[in-house]
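**Student:** Here it is, the structure, as structure tokens.
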Amino acid sequence: TGFGVVWLREGSEVSGSSHNTPDVGKYGTHARITDFDQLPNGLLGITIRGEERFDIAEVWRDSSGLIRAKVSMEAPLAPASMTDDWRSLEIVLRGLESHPHIQRMNLTIDYNNAWEVAFTLIQLLPFDEAIKYELLGLSTLDELIVELDILLNQISGEDG
């Protein structure tokens with residue numbers, strides 16, 4: 001089992017006294033909890049791993065305040081081999097792995113799978129959530145790699 005993770009465009013995941021349905025994205029990710037621990041503030045911290053994407057057909061908030069949706073699961077993405085054109089993304093990701101915060105995440109990355117390299121970079125890099133959402137919705141690896149490369153050039157100051 002698992003649960004859905006979606007982009008919350010507007011509204012609140014916490015209902016308070018309101019039962020309004022928040023404005024969420026058109027797609028999301030099925031996720032599973034991989035680890036959990038108690039945070040210094042006493043709250044429960046969880047680590048999740050996104051798996052398959054899904055499209056959202058309908059969203060509502062039930063009487064308990066839980067946000068629910070009718071979704072259709074997309075087929076899992078087949079692993080795609082890294083090409084020489086995409087090696088720069090691998091180099092960036094390997095460089096990030098030396099950062100202490102990233103090391104604490106205990107990521108297991110298949111560097112031979114271009115989808116996994118790209119999605120992990122999207123997760124880790126400081127892009128606006130709206131940009132991450134759009135990147136995760138791209139349907140071809142070529143589109144994703146081109147857009148990710150443009151963004152990496154922009155944040156590194158190499159975009160001319």
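Please note that chains go A, B, ... in the order of the structure tokens, that every chain numbers its residues from 1, and that ligands are numbered from 1 in the order shown.
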As an MDAnalysis selection string, please: every residue in chain A that a backbone DSSP assignment puts in strand (DSSP E or B).

**Tutor:** chainID A and resid 3:10 23:38 44:61 67:73 81 113

**Student:** Please compute the CA of Leu96 (chain A)-CA of Asn153 (chain A) distance, one decimal, in Å.

**Tutor:**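 Interatomic distance here is 15.7 Å.
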
**Student:** How many Å separate CA of Leu77 (chain A) from CA of Ala130 (chain A)?

**Tutor:**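 Atom-to-atom, CA of Leu77 (chain A) and CA of Ala130 (chain A) are spaced 21.9 Å apart.
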
**Student:** Any idea what the distance is between CA of Val24 (chain A) and CA of Trp115 (chain A)?

**Tutor:**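 Result for CA of Val24 (chain A) versus CA of Trp115 (chain A): 24.2 Å, one decimal.
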
**Student:** Looking at A:Leu89, A:Ile48, A:Leu66, A:Ala80, which one is nearest to Met105 (chain A), with distances taken over only C-alpha atoms?

**Tutor:**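 The shortest atom-to-atom distance to Met105 (chain A) comes from A:Ile48.
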
**Student:** Go through region 17-113 of chain A and flag each residue having an atom no more than 6 Å from region 5-9 of chain A; for those, report the closest pair of atoms plus their distance in Å to one decimal, using only C-alpha atoms, ordered by chain and rising number, as CSV.

**Tutor:**
residue,atom,partner,partner_atom,distance
A:Asp23,CA,A:Arg9,CA,5.4
A:Val24,CA,A:Leu8,CA,4.6
A:Gly25,CA,A:Trp7,CA,5.2
A:Gly28,CA,A:Val6,CA,4.5
A:Thr29,CA,A:Val5,CA,5.2

**Student:** I need the residue nearest Arg49 (chain A) from this list: A:Lys26, A:Met73, A:Leu107, A:Asp84. Use only C-alpha atoms for the distance.

**Tutor:**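 The closest residue to Arg49 (chain A) is A:Leu107.
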
**Student:** Quick one: of A:Trp60, A:Ser81, A:Glu52, A:Leu135, who's nearest to Ile150 (chain A), counting only C-alpha atoms?

**Tutor:**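 Using only C-alpha atoms, the shortest distance to Ile150 (chain A) belongs to A:Leu135.
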
**Student:** Looking at only C-alpha atoms, which of A:Val146, A:Leu44, A:Ala69, A:Leu124 is the one that sits closest to Phe3 (chain A)?

**Tutor:**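 Checking each of A:Val146, A:Leu44, A:Ala69, A:Leu124 against Phe3 (chain A), counting only C-alpha atoms, the winner is A:Ala69.
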
**Student:** Which of these, A:Ala75, A:Ile109, A:Val59, A:Leu39, has the shortest distance to Leu121 (chain A) once you count only C-alpha atoms?

**Tutor:** A:Ile109

**Student:** Calculated over only C-alpha atoms, which of the candidates A:Thr83, A:Ser72, A:Asn112, A:Ser88 has the smallest distance to Arg53 (chain A)?

**Tutor:**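 Result for the nearest residue to Arg53 (chain A): A:Ser72.
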
**Student:** I want to know what sits within 9 Å of Ile122 (chain A), based on only C-alpha atoms, with residues of the same chain fewer than 3 positions away left out; could you give that as a ChimeraX atom specification?

**Tutor:** /A:117-119,125-127,132,135-136,148

**Student:** Identify, on the basis of only C-alpha atoms, every residue whose closest approach to Arg87 (chain A) does not exceed 10 Å; exclude the query and any residue fewer than 6 positions from it along the same chain; express the result as a list in words.

**Tutor:**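 Residues near the query, excluding close chain neighbours: Leu93, Tyr111, Ala114 and Val117 of chain A.
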
**Student:** So that I have them on file, write out the residues from the current selection with N, CA and C atoms, as a PDB file, in the first residue's frame.

**Tutor:**
ATOM      1  N   LEU A  93      24.856  15.107 -10.119  1.00  0.00           N
ATOM      2  CA  LEU A  93      24.261  14.309  -9.043  1.00  0.00           C
ATOM      3  C   LEU A  93      25.331  13.657  -8.175  1.00  0.00           C
ATOM      4  N   TYR A 111      22.603   4.858 -11.379  1.00  0.00           N
ATOM      5  CA  TYR A 111      23.203   5.821 -12.302  1.00  0.00           C
ATOM      6  C   TYR A 111      23.146   5.365 -13.755  1.00  0.00           C
ATOM      7  N   ALA A 114      18.622   6.830 -16.708  1.00  0.00           N
ATOM      8  CA  ALA A 114      18.534   8.283 -16.906  1.00  0.00           C
ATOM      9  C   ALA A 114      17.304   8.880 -16.226  1.00  0.00           C
ATOM     10  N   VAL A 117      18.202   9.300 -12.516  1.00  0.00           N
ATOM     11  CA  VAL A 117      19.161  10.397 -12.325  1.00  0.00           C
ATOM     12  C   VAL A 117      18.437  11.738 -12.427  1.00  0.00           C
TER      13      VAL A 117
END
